[in-house]
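Reviewing the structure listed below.
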Amino acid sequence: MGTWIKETDQAIYLMQGGYYLEKIEKRPRSNGEKTLSIVDMHQWFARSDAPGGMIVALGSQASEPLPKPIPENGVEITKAPKSVEVKEVFVIEGITSKHRAGQSVHLQVDNQLATSAPKVNEEGKWRINFRFFSQGTRNLKITIDRESVDLVIQVSLLTPQPKSLSLQGSVGWRGVNRAEDVLIVKERLAELGFDFFKPGPFVDTGMLQAIKLFQSIITGKTKLGGDGRVDVGGRTHKFLQAANAPRWMLMPIKGEGFINFEREDLSDHHDYGASWLADTIIAAGKLYETQYRKNRKDISLIPINDVSYPQGGDTPDHAGHEAGNACDVSIPRKGGDFGIHWRSNQYDRDSTRILLKALRAQPLVTRIFFNDPQLIREGLCKSAAGHDNHIHFEIGIPNPV
Ligand SMILES: [Zn+2]
């Protein structure tokens, strides 16, 4: 269904079928004029059904449009891109009946389950952050409670470019926080997937969380830290502008040589992390597969487990794991399965050794904990309390480019 734009005295709307999908309120200025933030409007024109016309209803006394009603039974997409770049984080949003609140939103890509982590919220709305790792035409199916909807997204290959953010003053905790600067930083954070804040030219707690999480990643801290402020010309500002700035994303569910086996576990939410970690997992998996496993089903894939919560931060299940740069890995069993203690006679030490070597071959990997004394003697890992049945590894920081 097509979309169009409507302007009234109060707002500008993205309309579809007589209702609005999104609304940007006008705010009065002291001189009688009105102002509005058009940052969110950029997305309207990136839609596959981008608006082609506009109705101006200023001074018409007509009533304001109503929001699109929540469908009784179906699942509808309200926002999705028609094309994205490889590795670009993008968002699909939609609505379903309110009685499905709390249910999982399953995304299948080309008939493979890609994620089931997002949930329907109390208003019946849902949202998937996703990205693709290779180019091509992708057929997507979104299913909630046996109702589904399809869409197609083109994925093209473009290398990320550095992005110049010219700020007049600092932004964030106790910053100067000029409206224009706040909007510039928010737009870049959102582009990188750290979109935990409300729209508008002000600093809220979500924005501070986003800046701190970004700062934790670019300083290699596994606990949430940082001063929450982007200083002009400072380290955070530099990394925000870098082509290889870290992105915040759902961890890949599956790839060559690895499987993220907990991504289908609905009770666990440690599925988000930094793109640097995702890239590290993908590269280690590829090395393990091509040099060792070679598609043999009797050898375990690298079984990736917990990373971080959807917005990072403290988690009761782990010390650390707060900034998407630490990852747990389950232990290969003999015969191709995984999940075992190193003392068990079913423990597959040979595969675990190669797994650790594949991790150590990655330039960003800093430290690895696992308690098998033999592999510790070989210099592949270090011991730490609680690491008898899983490997824990962490990544550091590339130079900004
Ligand atoms: Zn851990």
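Within each chain, counting starts at residue 1; across the structure tokens, chains are named A, B, ... in the order shown, with ligands numbered 1 upward in that order.
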Got a sec: who's within 7 Å of Phe194 in chain A, counting only C-alpha atoms, leaving out chain neighbours fewer than 5 positions off, as a ChimeraX atom specification? /A:189,210,248
Name each residue within 10 Å of ligand 1, counting only C-alpha atoms and all ligand atoms, as an NGL selection string. :A and (222 or 305-308 or 317-321 or 326-329 or 368-369 or 386-387 or 390-394)
Could you save the residues just selected, with C-alpha atoms, as an mmCIF file, in the first residue's frame?
data_model
loop_
_atom_site.group_PDB
_atom_site.id
_atom_site.type_symbol
_atom_site.label_atom_id
_atom_site.label_comp_id
_atom_site.auth_asym_id
_atom_site.auth_seq_id
_atom_site.Cartn_x
_atom_site.Cartn_y
_atom_site.Cartn_z
ATOM 1 C CA THR A 222 33.626 -5.139 29.409
ATOM 2 C CA ASN A 305 26.617 -18.396 23.733
ATOM 3 C CA ASP A 306 25.996 -15.216 25.750
ATOM 4 C CA VAL A 307 27.184 -11.756 24.740
ATOM 5 C CA SER A 308 25.211 -8.762 26.113
ATOM 6 C CA ASP A 317 24.332 -13.759 34.806
ATOM 7 C CA HIS A 318 27.899 -12.520 34.341
ATOM 8 C CA ALA A 319 30.628 -10.305 35.697
ATOM 9 C CA GLY A 320 31.385 -8.098 32.690
ATOM 10 C CA HIS A 321 29.513 -8.856 29.459
ATOM 11 C CA ALA A 326 32.941 -10.312 25.674
ATOM 12 C CA CYS A 327 31.539 -13.624 24.542
ATOM 13 C CA ASP A 328 30.989 -17.064 26.028
ATOM 14 C CA VAL A 329 31.540 -20.207 23.992
ATOM 15 C CA ILE A 368 40.648 -16.059 26.786
ATOM 16 C CA PHE A 369 39.572 -17.957 29.931
ATOM 17 C CA GLY A 386 33.760 -20.727 36.854
ATOM 18 C CA HIS A 387 35.274 -21.519 33.447
ATOM 19 C CA HIS A 390 32.704 -22.690 28.877
ATOM 20 C CA ILE A 391 35.259 -20.451 27.225
ATOM 21 C CA HIS A 392 35.098 -16.703 27.781
ATOM 22 C CA PHE A 393 36.906 -14.376 25.395
ATOM 23 C CA GLU A 394 37.167 -10.622 24.981
#
I'd like the contact shell of Pro363 in chain A - 9 Å cut-off, only C-alpha atoms, skipping same-chain residues fewer than 3 positions apart - returned as a list in words. Thr280, Leu359, Arg360, Thr366, Ile395, Gly396 and Pro398 of chain A
With C-alpha atoms kept, could you save the residues just selected as a JSON list (two decimals), in the first residue's frame?
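The resulting again.json:
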[["chain", "number", "residue", "atom", "x", "y", "z"],
["A", 280, "THR", "CA", 35.65, -11.66, 15.05],
["A", 359, "LEU", "CA", 40.07, -17.21, 18.24],
["A", 360, "ARG", "CA", 43.68, -16.32, 18.96],
["A", 366, "THR", "CA", 42.68, -9.98, 23.90],
["A", 395, "ILE", "CA", 38.09, -8.25, 22.19],
["A", 396, "GLY", "CA", 40.03, -5.01, 22.17],
["A", 398, "PRO", "CA", 41.19, -1.50, 16.20]]
Run DSSP on the backbone and tell me which residues of range 53-284 of chain A come out as alpha helix (DSSP H); list them as an NGL selection string. :A and (179-191 or 205-218 or 235-241 or 275-284)
Show me, as a ChimeraX atom specification, the residues that have an atom within 10 Å of Asn139 in chain A when counting only C-alpha atoms, minus same-chain residues fewer than 5 positions from it. /A:108-111,150-154
Those of range 4-149 of chain A in DSSP strand (DSSP E or B), formatted as a VMD selection string: chain A and resid 4 to 7 11 to 16 19 to 25 27 to 28 34 to 35 47 54 to 56 67 75 to 79 81 83 to 85 90 to 96 104 106 to 109 112 to 115 119 125 to 130 136 to 144 147 to 149
Option closest in space to Ile144 in chain A, from A:Gly206, A:Gly200, A:Gly74, A:Gly32 [counting only C-alpha atoms]: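 Closest candidate: A:Gly74.
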Determine the nearest neighbour of Ser164 in chain A from the options A:Gln241, A:Asn389, A:Gln10, A:Ser148, counting only C-alpha atoms.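 For Ser164 in chain A, the nearest of the candidates is A:Gln241.
Residues lying within 6 Å of Leu21 in chain A, counting only C-alpha atoms and ignoring same-chain neighbours fewer than 3 positions away, are Leu14, Met15 and Lys68 of chain A.
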Please, what distance in Å, to one decimal, runs between CA of Lys82 in chain A and CA of Gly17 in chain A?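 Answer for the CA of Lys82 in chain A to CA of Gly17 in chain A separation: 19.7 Å.
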